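Listing of data_17.pdb; format and content: PDB, C-alpha atoms.
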```pdb
ATOM      1  CA  VAL A  28      26.359 -17.015 -15.994
ATOM      2  CA  THR A  29      25.975 -19.690 -13.314
ATOM      3  CA  VAL A  30      22.765 -19.375 -11.340
ATOM      4  CA  THR A  31      22.765 -20.712  -7.797
ATOM      5  CA  LEU A  32      19.657 -21.152  -5.674
ATOM      6  CA  PRO A  33      18.990 -18.491  -3.052
ATOM      7  CA  VAL A  34      18.616 -19.622   0.559
ATOM      8  CA  ALA A  35      15.223 -18.864   2.156
ATOM      9  CA  GLY A  36      15.534 -15.870   4.469
ATOM     10  CA  SER A  37      18.699 -14.584   2.807
ATOM     11  CA  ALA A  38      18.798 -11.169   1.188
ATOM     12  CA  PRO A  39      19.047 -12.547  -2.371
ATOM     13  CA  PHE A  40      16.069 -14.783  -1.606
ATOM     14  CA  GLU A  41      14.108 -11.677  -0.602
ATOM     15  CA  VAL A  42      15.059  -9.990  -3.879
ATOM     16  CA  PHE A  43      13.931 -13.062  -5.822
ATOM     17  CA  ALA A  44      10.658 -13.169  -3.856
ATOM     18  CA  GLN A  45      10.097  -9.461  -4.472
ATOM     19  CA  HIS A  46      10.719  -9.965  -8.179
ATOM     20  CA  GLU A  47       8.093 -12.704  -8.225
ATOM     21  CA  HIS A  48       5.553 -10.438  -6.558
ATOM     22  CA  LEU A  49       6.446  -7.547  -8.888
ATOM     23  CA  ARG A  50       6.052  -9.836 -11.893
ATOM     24  CA  ASP A  51       2.499 -10.608 -10.707
ATOM     25  CA  LEU A  52       1.760  -6.891 -10.345
ATOM     26  CA  LEU A  53       3.273  -6.113 -13.743
ATOM     27  CA  ARG A  54       1.244  -8.866 -15.416
ATOM     28  CA  MET A  55      -1.915  -7.476 -13.840
ATOM     29  CA  LEU A  56      -1.000  -3.973 -15.048
ATOM     30  CA  ASP A  57      -0.145  -5.329 -18.498
ATOM     31  CA  GLY A  58      -3.525  -7.079 -18.650
ATOM     32  CA  GLU A  59      -5.325  -3.804 -17.943
ATOM     33  CA  ALA A  60      -3.141  -1.915 -20.468
ATOM     34  CA  GLU A  61      -3.867  -4.552 -23.093
ATOM     35  CA  ARG A  62      -7.599  -4.247 -22.398
ATOM     36  CA  VAL A  63      -7.358  -0.487 -22.987
ATOM     37  CA  VAL A  64      -5.443  -0.963 -26.244
ATOM     38  CA  ARG A  65      -7.812  -3.594 -27.612
ATOM     39  CA  ALA A  66     -11.109  -1.963 -26.597
ATOM     40  CA  GLU A  67     -13.264  -0.916 -29.538
ATOM     41  CA  THR A  68     -14.746   2.001 -27.648
ATOM     42  CA  LYS A  69     -13.085   4.148 -24.997
ATOM     43  CA  PRO A  70     -13.156   1.914 -21.908
ATOM     44  CA  ARG A  71     -13.552   2.902 -18.289
ATOM     45  CA  THR A  72     -10.178   2.105 -16.808
ATOM     46  CA  GLU A  73      -8.241   2.466 -13.594
ATOM     47  CA  LEU A  74      -4.957   2.206 -15.496
ATOM     48  CA  PRO A  75      -3.486   5.441 -14.027
ATOM     49  CA  GLU A  76      -4.361   4.403 -10.451
ATOM     50  CA  LEU A  77      -3.044   0.893 -11.039
ATOM     51  CA  PHE A  78       0.153   2.282 -12.537
ATOM     52  CA  GLY A  79       0.548   4.533  -9.463
ATOM     53  CA  LEU A  80       0.321   1.519  -7.175
ATOM     54  CA  VAL A  81       2.824  -0.525  -9.180
ATOM     55  CA  ALA A  82       5.149   2.478  -9.455
ATOM     56  CA  ARG A  83       5.185   2.840  -5.670
ATOM     57  CA  ALA A  84       5.937  -0.881  -5.217
ATOM     58  CA  LEU A  85       8.780  -0.575  -7.749
ATOM     59  CA  ALA A  86      10.214   2.464  -5.948
ATOM     60  CA  VAL A  87      10.232   0.608  -2.614
ATOM     61  CA  HIS A  88      11.902  -2.365  -4.288
ATOM     62  CA  LEU A  89      14.587  -0.280  -6.035
ATOM     63  CA  ASP A  90      15.502   1.399  -2.733
ATOM     64  CA  TYR A  91      15.746  -2.000  -1.040
ATOM     65  CA  GLU A  92      17.986  -3.471  -3.728
ATOM     66  CA  GLU A  93      20.365  -0.523  -3.551
ATOM     67  CA  GLU A  94      20.555  -0.616   0.265
ATOM     68  CA  LEU A  95      21.209  -4.334   0.069
ATOM     69  CA  LEU A  96      23.952  -4.112  -2.506
ATOM     70  CA  ALA A  97      25.616  -1.153  -0.796
ATOM     71  CA  ALA A  98      25.599  -2.956   2.569
ATOM     72  CA  ASP A  99      26.919  -6.122   0.970
ATOM     73  CA  ALA A 100      29.669  -4.273  -0.864
ATOM     74  CA  GLU A 101      30.713  -2.615   2.417
ATOM     75  CA  LYS A 102      31.006  -5.774   4.496
ATOM     76  CA  ASN A 103      32.275  -8.046   1.743
ATOM     77  CA  PRO A 104      35.964  -8.917   2.130
ATOM     78  CA  GLU A 105      36.289  -8.693  -1.625
ATOM     79  CA  PRO A 106      34.267  -5.567  -2.372
ATOM     80  CA  LEU A 107      35.685  -5.261  -5.863
ATOM     81  CA  ARG A 108      33.787  -8.402  -6.808
ATOM     82  CA  LEU A 109      30.420  -6.679  -6.302
ATOM     83  CA  ARG A 110      31.303  -3.224  -7.551
ATOM     84  CA  PRO A 111      30.468  -3.875 -11.200
ATOM     85  CA  VAL A 112      27.124  -5.395 -10.199
ATOM     86  CA  LEU A 113      26.319  -2.467  -7.899
ATOM     87  CA  ALA A 114      27.313   0.085 -10.526
ATOM     88  CA  ARG A 115      25.253  -1.599 -13.228
ATOM     89  CA  VAL A 116      22.193  -2.027 -11.024
ATOM     90  CA  CYS A 117      22.333   1.593  -9.800
ATOM     91  CA  GLN A 118      22.748   2.875 -13.343
ATOM     92  CA  GLU A 119      19.747   0.825 -14.427
ATOM     93  CA  HIS A 120      17.730   2.075 -11.453
ATOM     94  CA  VAL A 121      18.386   5.707 -12.380
ATOM     95  CA  ARG A 122      16.972   5.017 -15.833
ATOM     96  CA  GLN A 123      13.983   3.128 -14.405
ATOM     97  CA  ARG A 124      13.181   5.875 -11.884
ATOM     98  CA  GLU A 125      13.234   8.462 -14.680
ATOM     99  CA  GLU A 126      10.902   6.309 -16.743
ATOM    100  CA  ILE A 127       8.541   5.742 -13.800
ATOM    101  CA  ALA A 128       8.455   9.509 -13.094
ATOM    102  CA  ARG A 129       7.760  10.286 -16.762
ATOM    103  CA  LEU A 130       4.971   7.706 -17.029
ATOM    104  CA  SER A 131       3.486   8.840 -13.694
ATOM    105  CA  ARG A 132       3.224  12.378 -15.069
ATOM    106  CA  GLU A 133       1.636  11.084 -18.259
ATOM    107  CA  ALA A 134      -0.752   8.839 -16.349
ATOM    108  CA  LYS A 135      -2.050  11.881 -14.446
ATOM    109  CA  HIS A 136      -2.527  14.117 -17.451
ATOM    110  CA  ALA A 137      -2.770  11.987 -20.600
ATOM    111  CA  ASP A 138      -5.970  12.268 -22.628
ATOM    112  CA  ASP A 139      -4.796   9.554 -24.989
ATOM    113  CA  ARG A 140      -5.234   6.424 -22.894
ATOM    114  CA  ILE A 141      -4.180   4.124 -25.735
ATOM    115  CA  ALA A 142      -0.808   5.872 -26.143
ATOM    116  CA  LEU A 143      -0.323   5.685 -22.380
ATOM    117  CA  ALA A 144      -1.252   1.986 -22.334
ATOM    118  CA  LEU A 145       1.216   1.235 -25.132
ATOM    119  CA  GLU A 146       4.000   3.061 -23.312
ATOM    120  CA  ILE A 147       3.209   1.223 -20.090
ATOM    121  CA  ARG A 148       3.301  -2.113 -21.918
ATOM    122  CA  ALA A 149       6.716  -1.307 -23.391
ATOM    123  CA  PHE A 150       7.972  -0.291 -19.954
ATOM    124  CA  ILE A 151       6.680  -3.557 -18.454
ATOM    125  CA  ALA A 152       8.404  -5.664 -21.123
ATOM    126  CA  ASP A 153      11.666  -3.852 -20.466
ATOM    127  CA  LEU A 154      11.322  -4.268 -16.707
ATOM    128  CA  LEU A 155      10.517  -7.975 -16.883
ATOM    129  CA  LEU A 156      13.631  -8.528 -18.968
ATOM    130  CA  ASP A 157      15.719  -6.518 -16.534
ATOM    131  CA  MET A 158      14.450  -8.527 -13.558
ATOM    132  CA  ASP A 159      15.448 -11.755 -15.304
ATOM    133  CA  ILE A 160      18.951 -10.356 -15.805
ATOM    134  CA  GLU A 161      19.088  -9.206 -12.162
ATOM    135  CA  ASP A 162      17.947 -12.616 -10.925
ATOM    136  CA  ARG A 163      20.875 -14.176 -12.743
ATOM    137  CA  ALA A 164      23.288 -11.555 -11.410
ATOM    138  CA  PHE A 165      22.053 -11.839  -7.803
ATOM    139  CA  GLY A 166      22.058 -15.607  -8.034
ATOM    140  CA  ALA A 167      25.552 -15.744  -9.408
ATOM    141  CA  HIS A 168      27.011 -13.239  -6.961
ATOM    142  CA  GLY A 169      24.931 -13.442  -3.867
ATOM    143  CA  ALA A 170      23.826 -16.878  -2.750
ATOM    144  CA  THR A 171      24.422 -20.575  -2.556
ATOM    145  CA  ALA A 172      21.945 -23.351  -2.017
ATOM    146  CA  PRO A 173      22.021 -25.408   1.204
ATOM    147  CA  GLY A 174      24.786 -28.019   1.026
ATOM    148  CA  GLN A 175      26.642 -26.254  -1.787
TER     149      GLN A 175
ATOM    150  CA  MET B  14      -7.979   3.199  21.238
ATOM    151  CA  THR B  15      -9.557   5.052  24.133
ATOM    152  CA  THR B  16     -13.246   5.774  23.901
ATOM    153  CA  GLN B  17     -15.246   8.341  25.811
ATOM    154  CA  THR B  18     -18.205   5.994  25.826
ATOM    155  CA  SER B  19     -20.116   7.833  28.531
ATOM    156  CA  GLU B  20     -20.603  10.781  26.173
ATOM    157  CA  LEU B  21     -21.602   8.680  23.244
ATOM    158  CA  THR B  22     -24.757   6.894  22.321
ATOM    159  CA  SER B  23     -26.032   4.595  19.668
ATOM    160  CA  ALA B  24     -24.255   4.931  16.294
ATOM    161  CA  ALA B  25     -21.680   7.316  17.713
ATOM    162  CA  ASN B  26     -20.857   4.631  20.228
ATOM    163  CA  ALA B  27     -20.854   2.068  17.425
ATOM    164  CA  PHE B  28     -18.275   4.146  15.533
ATOM    165  CA  ALA B  29     -16.085   4.241  18.647
ATOM    166  CA  GLN B  30     -16.548   0.515  19.189
ATOM    167  CA  ASP B  31     -15.537  -0.036  15.584
ATOM    168  CA  HIS B  32     -12.296   1.843  16.341
ATOM    169  CA  GLU B  33     -11.668  -0.560  19.194
ATOM    170  CA  ALA B  34     -12.439  -3.583  17.001
ATOM    171  CA  LEU B  35     -10.018  -2.308  14.342
ATOM    172  CA  ASP B  36      -7.386  -1.730  16.988
ATOM    173  CA  ARG B  37      -7.817  -5.291  18.301
ATOM    174  CA  SER B  38      -7.616  -6.748  14.756
ATOM    175  CA  PHE B  39      -4.408  -4.870  14.102
ATOM    176  CA  GLU B  40      -2.868  -5.861  17.446
ATOM    177  CA  ALA B  41      -3.764  -9.520  16.780
ATOM    178  CA  MET B  42      -2.099  -9.354  13.358
ATOM    179  CA  VAL B  43       1.081  -7.843  14.786
ATOM    180  CA  THR B  44       1.185 -10.428  17.587
ATOM    181  CA  LYS B  45       0.789 -13.286  15.098
ATOM    182  CA  ALA B  46       3.465 -11.851  12.816
ATOM    183  CA  GLN B  47       5.892 -11.388  15.732
ATOM    184  CA  SER B  48       5.431 -15.006  16.770
ATOM    185  CA  GLY B  49       6.217 -16.161  13.236
ATOM    186  CA  GLU B  50       2.631 -16.976  12.231
ATOM    187  CA  VAL B  51       2.752 -15.336   8.822
ATOM    188  CA  ARG B  52       0.761 -17.866   6.806
ATOM    189  CA  ASP B  53      -2.542 -15.939   7.002
ATOM    190  CA  LEU B  54      -0.994 -12.498   7.291
ATOM    191  CA  ARG B  55      -2.000 -11.303   3.818
ATOM    192  CA  SER B  56      -5.616 -12.380   4.167
ATOM    193  CA  ASP B  57      -5.768 -10.928   7.711
ATOM    194  CA  TRP B  58      -4.363  -7.672   6.350
ATOM    195  CA  SER B  59      -6.891  -7.585   3.491
ATOM    196  CA  ALA B  60      -9.775  -8.103   5.933
ATOM    197  CA  PHE B  61      -8.451  -5.343   8.216
ATOM    198  CA  GLU B  62      -7.949  -3.011   5.257
ATOM    199  CA  GLU B  63     -11.480  -3.624   3.976
ATOM    200  CA  GLN B  64     -13.014  -3.002   7.408
ATOM    201  CA  LEU B  65     -11.060   0.217   7.919
ATOM    202  CA  LEU B  66     -11.850   1.552   4.435
ATOM    203  CA  ARG B  67     -15.568   0.868   4.936
ATOM    204  CA  HIS B  68     -15.462   2.670   8.261
ATOM    205  CA  LEU B  69     -13.870   5.741   6.649
ATOM    206  CA  GLU B  70     -16.265   5.648   3.709
ATOM    207  CA  LEU B  71     -19.327   5.352   5.937
ATOM    208  CA  GLU B  72     -18.275   8.383   7.980
ATOM    209  CA  GLU B  73     -17.556  10.416   4.848
ATOM    210  CA  ARG B  74     -20.754   9.479   3.072
ATOM    211  CA  GLU B  75     -23.283   9.471   5.888
ATOM    212  CA  VAL B  76     -22.175  11.923   8.558
ATOM    213  CA  LEU B  77     -19.297  14.213   7.623
ATOM    214  CA  PRO B  78     -21.274  16.311   5.081
ATOM    215  CA  ALA B  79     -23.784  17.397   7.751
ATOM    216  CA  PHE B  80     -21.012  17.878  10.326
ATOM    217  CA  ALA B  81     -19.085  20.015   7.797
ATOM    218  CA  ARG B  82     -21.983  22.484   7.555
ATOM    219  CA  GLU B  83     -21.408  23.417  11.206
ATOM    220  CA  HIS B  84     -17.707  22.657  11.642
ATOM    221  CA  ALA B  85     -16.105  23.057   8.245
ATOM    222  CA  ASP B  86     -12.502  23.276   9.450
ATOM    223  CA  VAL B  87     -12.669  20.220  11.691
ATOM    224  CA  ALA B  88     -14.477  18.216   8.992
ATOM    225  CA  ALA B  89     -11.841  19.173   6.427
ATOM    226  CA  SER B  90      -9.030  18.143   8.756
ATOM    227  CA  LEU B  91     -10.749  14.798   9.468
ATOM    228  CA  ARG B  92     -11.081  14.199   5.715
ATOM    229  CA  ARG B  93      -7.377  14.974   5.269
ATOM    230  CA  GLU B  94      -6.568  12.488   8.014
ATOM    231  CA  HIS B  95      -8.710   9.881   6.228
ATOM    232  CA  GLU B  96      -6.686  10.447   3.060
ATOM    233  CA  GLN B  97      -3.441  10.097   5.030
ATOM    234  CA  ILE B  98      -4.709   6.852   6.583
ATOM    235  CA  ARG B  99      -5.626   5.525   3.114
ATOM    236  CA  ALA B 100      -2.144   6.423   1.849
ATOM    237  CA  SER B 101      -0.549   4.680   4.838
ATOM    238  CA  LEU B 102      -2.696   1.591   4.236
ATOM    239  CA  THR B 103      -1.516   1.429   0.614
ATOM    240  CA  GLU B 104       2.105   1.920   1.597
ATOM    241  CA  LEU B 105       1.976  -0.725   4.336
ATOM    242  CA  GLY B 106       0.237  -3.182   2.000
ATOM    243  CA  ILE B 107       2.983  -2.690  -0.583
ATOM    244  CA  ARG B 108       5.685  -3.211   2.047
ATOM    245  CA  LEU B 109       3.887  -6.263   3.422
ATOM    246  CA  ASP B 110       3.802  -7.849  -0.041
ATOM    247  CA  LEU B 111       7.498  -7.088  -0.535
ATOM    248  CA  HIS B 112       8.392  -8.476   2.925
ATOM    249  CA  LEU B 113       9.654  -5.042   3.951
ATOM    250  CA  LEU B 114       7.205  -4.163   6.683
ATOM    251  CA  ARG B 115       9.256  -2.871   9.609
ATOM    252  CA  ALA B 116       8.310  -2.381  13.269
ATOM    253  CA  ALA B 117       8.804   1.382  13.039
ATOM    254  CA  ALA B 118       6.310   1.670  10.177
ATOM    255  CA  ILE B 119       3.749  -0.385  12.115
ATOM    256  CA  ALA B 120       4.247   1.707  15.239
ATOM    257  CA  GLY B 121       3.824   4.867  13.166
ATOM    258  CA  PHE B 122       0.574   3.605  11.691
ATOM    259  CA  VAL B 123      -0.816   2.594  15.079
ATOM    260  CA  ALA B 124       0.012   6.068  16.431
ATOM    261  CA  GLN B 125      -1.637   7.682  13.390
ATOM    262  CA  LEU B 126      -4.839   5.641  13.826
ATOM    263  CA  ARG B 127      -5.040   6.224  17.577
ATOM    264  CA  GLU B 128      -4.526   9.967  17.257
ATOM    265  CA  HIS B 129      -7.232  10.122  14.597
ATOM    266  CA  ALA B 130      -9.597   8.038  16.744
ATOM    267  CA  ARG B 131      -8.918  10.309  19.735
ATOM    268  CA  ARG B 132      -9.783  13.396  17.674
ATOM    269  CA  GLU B 133     -12.955  11.869  16.252
ATOM    270  CA  GLU B 134     -14.129  10.666  19.639
ATOM    271  CA  ALA B 135     -13.522  14.098  21.164
ATOM    272  CA  LEU B 136     -14.738  16.368  18.347
ATOM    273  CA  PHE B 137     -16.948  14.390  15.990
ATOM    274  CA  TYR B 138     -18.827  11.515  17.635
ATOM    275  CA  PRO B 139     -20.422  13.604  20.408
ATOM    276  CA  TRP B 140     -21.850  15.804  17.626
ATOM    277  CA  VAL B 141     -23.107  12.683  15.824
ATOM    278  CA  ALA B 142     -24.846  11.515  19.001
ATOM    279  CA  ARG B 143     -26.528  14.900  19.479
ATOM    280  CA  HIS B 144     -27.570  15.749  15.933
ATOM    281  CA  LEU B 145     -28.628  12.631  14.079
ATOM    282  CA  SER B 146     -32.193  11.385  14.203
ATOM    283  CA  ALA B 147     -33.059   7.973  15.627
ATOM    284  CA  SER B 148     -33.605   6.524  12.145
ATOM    285  CA  GLU B 149     -30.305   7.959  10.866
ATOM    286  CA  LEU B 150     -28.473   6.514  13.855
ATOM    287  CA  ALA B 151     -30.099   3.123  13.340
ATOM    288  CA  SER B 152     -29.119   3.168   9.660
ATOM    289  CA  LEU B 153     -25.511   3.956  10.600
ATOM    290  CA  GLU B 154     -25.430   1.183  13.147
ATOM    291  CA  ARG B 155     -26.606  -1.251  10.482
ATOM    292  CA  GLY B 156     -23.888   0.020   8.145
ATOM    293  CA  LEU B 157     -21.232  -0.483  10.775
ATOM    294  CA  ARG B 158     -22.482  -3.966  11.592
ATOM    295  CA  ARG B 159     -22.199  -4.851   7.904
ATOM    296  CA  ALA B 160     -18.650  -3.463   7.874
ATOM    297  CA  ALA B 161     -17.576  -5.475  10.932
TER     298      ALA B 161
END
```
In structure tokens, write the structure found in this file.
Amino acid sequence: VTVTLPVAGSAPFEVFAQHEHLRDLLRMLDGEAERVVRAETKPRTELPELFGLVARALAVHLDYEEELLAADAEKNPEPLRLRPVLARVCQEHVRQREEIARLSREAKHADDRIALALEIRAFIADLLLDMDIEDRAFGAHGATAPGQ
Amino acid sequence: MTTQTSELTSAANAFAQDHEALDRSFEAMVTKAQSGEVRDLRSDWSAFEEQLLRHLELEEREVLPAFAREHADVAASLRREHEQIRASLTELGIRLDLHLLRAAAIAGFVAQLREHARREEALFYPWVARHLSASELASLERGLRRAA
């Protein structure tokens, strides 16, 4: 896949910037989850609250990406070019929303904080990988650098 | 935010003045953002958020419990409004970080804050001015000055 640089202010640039911010949030959440897993005694933790905050940021981001891709597919003179990307992203978002909803329920009710922390860490690893793949897809399909 | 200052004294007046200060901070942030000055927007937002949260906390901790003994329904509705304001603050902060803060959301938040301020200044602060002792009022004023 060829990755091109997104232009500042363009929609793909915004997606890249959002991914960077979400990576920071996910690393912070992962740090707290790791602390819970490694603690020798049951630690005081705000992991559920922190997960709630990150989950809300992810939900806002997923909505934005879908609106963006749908709008782009509509106005693009070659809509077929984006359809596979849109379909794949939407399919992935359905799975991610289900996972966020499941973990949100667990975060509210789970007594076993270590099991919750491990699940959150697995979810984060999966999400970070998916954002890397999306960055390549958005870069390849959505933007060109100045002068290109 | 409009303030019925003639009816208010001391700490009650300080609460109302704090509303006005928060309103001015928010207006200044919006004006800067609209003119493209976004460099300090996050730190301005964090300062505004901290000041508003302290204001809510001070009311809930120091005055609302006594007010609730006489006006349980009004106190409960003010607490609910505080929770809604906190939720809006979180949501706007998330959207700010994701570069998705829209004018409509800002206008909605301003309306929410002003309506809440109007209700407090009509129903709550006059009671504060009438019922708190001089030392309690002085303590509140100090708390508000620390929050500002």
Fewer than 2 positions away in the same chain doesn't count, so skip those; otherwise give me all residues within 12 Å of A:Arg83, counting only C-alpha atoms, as a compact mmCIF listing (two decimals) with C-alpha atoms, in the coordinates of the input.
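Output below, filename part-v5.txt:
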```
# COMPACT_ATOMS: atom_id res chain seq x y z
CA LEU A 49 6.45 -7.55 -8.89
CA LEU A 52 1.76 -6.89 -10.34
CA GLU A 76 -4.36 4.40 -10.45
CA LEU A 77 -3.04 0.89 -11.04
CA PHE A 78 0.15 2.28 -12.54
CA GLY A 79 0.55 4.53 -9.46
CA LEU A 80 0.32 1.52 -7.18
CA VAL A 81 2.82 -0.52 -9.18
CA LEU A 85 8.78 -0.57 -7.75
CA ALA A 86 10.21 2.46 -5.95
CA VAL A 87 10.23 0.61 -2.61
CA HIS A 88 11.90 -2.37 -4.29
CA LEU A 89 14.59 -0.28 -6.04
CA ASP A 90 15.50 1.40 -2.73
CA ARG A 124 13.18 5.88 -11.88
CA ILE A 127 8.54 5.74 -13.80
CA ALA A 128 8.46 9.51 -13.09
CA SER A 131 3.49 8.84 -13.69
CA ALA B 100 -2.14 6.42 1.85
CA THR B 103 -1.52 1.43 0.61
CA GLU B 104 2.10 1.92 1.60
CA LEU B 105 1.98 -0.72 4.34
CA GLY B 106 0.24 -3.18 2.00
CA ILE B 107 2.98 -2.69 -0.58
CA ARG B 108 5.68 -3.21 2.05
CA LEU B 111 7.50 -7.09 -0.54
```
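Nearest to A:Gln45 of all the residues A:Gln123, A:Tyr91, A:Lys102, A:Arg132 is A:Tyr91, based on all atoms listed in the file.
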As an mmCIF file with C-alpha atoms, in the coordinates of the input, please: the residues near B:Phe80 (cut-off 12 Å, all atoms listed in the file, same-chain neighbours under 2 positions excluded).
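Output file around.cif is given in full below:
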```cif
data_model
loop_
_atom_site.group_PDB
_atom_site.id
_atom_site.type_symbol
_atom_site.label_atom_id
_atom_site.label_comp_id
_atom_site.auth_asym_id
_atom_site.auth_seq_id
_atom_site.Cartn_x
_atom_site.Cartn_y
_atom_site.Cartn_z
ATOM 1 C CA GLU B 72 -18.275 8.383 7.980
ATOM 2 C CA GLU B 73 -17.556 10.416 4.848
ATOM 3 C CA ARG B 74 -20.754 9.479 3.072
ATOM 4 C CA GLU B 75 -23.283 9.471 5.888
ATOM 5 C CA VAL B 76 -22.175 11.923 8.558
ATOM 6 C CA LEU B 77 -19.297 14.213 7.623
ATOM 7 C CA PRO B 78 -21.274 16.311 5.081
ATOM 8 C CA ARG B 82 -21.983 22.484 7.555
ATOM 9 C CA GLU B 83 -21.408 23.417 11.206
ATOM 10 C CA HIS B 84 -17.707 22.657 11.642
ATOM 11 C CA ALA B 85 -16.105 23.057 8.245
ATOM 12 C CA ASP B 86 -12.502 23.276 9.450
ATOM 13 C CA VAL B 87 -12.669 20.220 11.691
ATOM 14 C CA ALA B 88 -14.477 18.216 8.992
ATOM 15 C CA ALA B 89 -11.841 19.173 6.427
ATOM 16 C CA LEU B 91 -10.749 14.798 9.468
ATOM 17 C CA ARG B 92 -11.081 14.199 5.715
ATOM 18 C CA GLU B 133 -12.955 11.869 16.252
ATOM 19 C CA LEU B 136 -14.738 16.368 18.347
ATOM 20 C CA PHE B 137 -16.948 14.390 15.990
ATOM 21 C CA TYR B 138 -18.827 11.515 17.635
ATOM 22 C CA PRO B 139 -20.422 13.604 20.408
ATOM 23 C CA TRP B 140 -21.850 15.804 17.626
ATOM 24 C CA VAL B 141 -23.107 12.683 15.824
ATOM 25 C CA ALA B 142 -24.846 11.515 19.001
ATOM 26 C CA ARG B 143 -26.528 14.900 19.479
ATOM 27 C CA HIS B 144 -27.570 15.749 15.933
ATOM 28 C CA LEU B 145 -28.628 12.631 14.079
#
```
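Atom CA of B:Leu69 is found 24.5 Å from atom CA of B:Asp53.
Comparing A:Glu92, A:Glu119, A:Glu73, A:Glu133 by their smallest distance to chain B, the closest is A:Glu92 (using only C-alpha atoms).
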| Which residue out of B:Ala60, B:Ala27, B:Leu35, B:Ala79 has the minimum interatomic distance to B:Gly156 when all atoms listed in the file are used? | B:Ala27
Excluding stretch 157-160 of chain A and its own-chain neighbours fewer than 3 positions away, which residues fall within 10 Å of it when counting all atoms listed in the file? Please give them as a PDB file with C-alpha atoms, in the coordinates of the input.
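Everything below was put into around_38.pdb:
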```pdb
ATOM      1  CA  VAL A  28      26.359 -17.015 -15.994  1.00  0.00           C
ATOM      2  CA  VAL A  42      15.059  -9.990  -3.879  1.00  0.00           C
ATOM      3  CA  PHE A  43      13.931 -13.062  -5.822  1.00  0.00           C
ATOM      4  CA  HIS A  46      10.719  -9.965  -8.179  1.00  0.00           C
ATOM      5  CA  GLU A  47       8.093 -12.704  -8.225  1.00  0.00           C
ATOM      6  CA  LEU A  49       6.446  -7.547  -8.888  1.00  0.00           C
ATOM      7  CA  ARG A  50       6.052  -9.836 -11.893  1.00  0.00           C
ATOM      8  CA  VAL A 116      22.193  -2.027 -11.024  1.00  0.00           C
ATOM      9  CA  GLU A 119      19.747   0.825 -14.427  1.00  0.00           C
ATOM     10  CA  ILE A 151       6.680  -3.557 -18.454  1.00  0.00           C
ATOM     11  CA  ALA A 152       8.404  -5.664 -21.123  1.00  0.00           C
ATOM     12  CA  ASP A 153      11.666  -3.852 -20.466  1.00  0.00           C
ATOM     13  CA  LEU A 154      11.322  -4.268 -16.707  1.00  0.00           C
ATOM     14  CA  ARG A 163      20.875 -14.176 -12.743  1.00  0.00           C
ATOM     15  CA  ALA A 164      23.288 -11.555 -11.410  1.00  0.00           C
ATOM     16  CA  PHE A 165      22.053 -11.839  -7.803  1.00  0.00           C
ATOM     17  CA  GLY A 166      22.058 -15.607  -8.034  1.00  0.00           C
TER      18      GLY A 166
END
```
| Applied to this file, what does the PyMOL selection byres ((chain A and resi 140) around 10) return in terms of residues, put as an NGL selection string? | :A and (60 or 63-64 or 69-70 or 72 or 74-75 or 133-134 or 136-139 or 141-146)
Tell me which residues the PyMOL selection byres ((chain B and resi 152) around 12) grabs here, as a PDB file with C-alpha atoms, in the coordinates of the input.
```pdb
ATOM      1  CA  SER B  23     -26.032   4.595  19.668  1.00  0.00           C
ATOM      2  CA  ALA B  24     -24.255   4.931  16.294  1.00  0.00           C
ATOM      3  CA  ALA B  25     -21.680   7.316  17.713  1.00  0.00           C
ATOM      4  CA  ALA B  27     -20.854   2.068  17.425  1.00  0.00           C
ATOM      5  CA  LEU B  71     -19.327   5.352   5.937  1.00  0.00           C
ATOM      6  CA  GLU B  75     -23.283   9.471   5.888  1.00  0.00           C
ATOM      7  CA  VAL B  76     -22.175  11.923   8.558  1.00  0.00           C
ATOM      8  CA  LEU B 145     -28.628  12.631  14.079  1.00  0.00           C
ATOM      9  CA  SER B 146     -32.193  11.385  14.203  1.00  0.00           C
ATOM     10  CA  ALA B 147     -33.059   7.973  15.627  1.00  0.00           C
ATOM     11  CA  SER B 148     -33.605   6.524  12.145  1.00  0.00           C
ATOM     12  CA  GLU B 149     -30.305   7.959  10.866  1.00  0.00           C
ATOM     13  CA  LEU B 150     -28.473   6.514  13.855  1.00  0.00           C
ATOM     14  CA  ALA B 151     -30.099   3.123  13.340  1.00  0.00           C
ATOM     15  CA  LEU B 153     -25.511   3.956  10.600  1.00  0.00           C
ATOM     16  CA  GLU B 154     -25.430   1.183  13.147  1.00  0.00           C
ATOM     17  CA  ARG B 155     -26.606  -1.251  10.482  1.00  0.00           C
ATOM     18  CA  GLY B 156     -23.888   0.020   8.145  1.00  0.00           C
ATOM     19  CA  LEU B 157     -21.232  -0.483  10.775  1.00  0.00           C
ATOM     20  CA  ARG B 158     -22.482  -3.966  11.592  1.00  0.00           C
ATOM     21  CA  ARG B 159     -22.199  -4.851   7.904  1.00  0.00           C
TER      22      ARG B 159
END
```
Which polymer residues have any atom within 10 Å of an atom of B:Ile119, counting all atoms listed in the file, with same-chain residues fewer than 3 positions away left out, as a PDB file with C-alpha atoms, in the coordinates of the input?
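Contents of the output file around21.pdb:
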```pdb
ATOM      1  CA  PHE B  39      -4.408  -4.870  14.102  1.00  0.00           C
ATOM      2  CA  VAL B  43       1.081  -7.843  14.786  1.00  0.00           C
ATOM      3  CA  SER B 101      -0.549   4.680   4.838  1.00  0.00           C
ATOM      4  CA  LEU B 105       1.976  -0.725   4.336  1.00  0.00           C
ATOM      5  CA  LEU B 114       7.205  -4.163   6.683  1.00  0.00           C
ATOM      6  CA  ARG B 115       9.256  -2.871   9.609  1.00  0.00           C
ATOM      7  CA  ALA B 116       8.310  -2.381  13.269  1.00  0.00           C
ATOM      8  CA  PHE B 122       0.574   3.605  11.691  1.00  0.00           C
ATOM      9  CA  VAL B 123      -0.816   2.594  15.079  1.00  0.00           C
ATOM     10  CA  ALA B 124       0.012   6.068  16.431  1.00  0.00           C
ATOM     11  CA  GLN B 125      -1.637   7.682  13.390  1.00  0.00           C
TER      12      GLN B 125
END
```
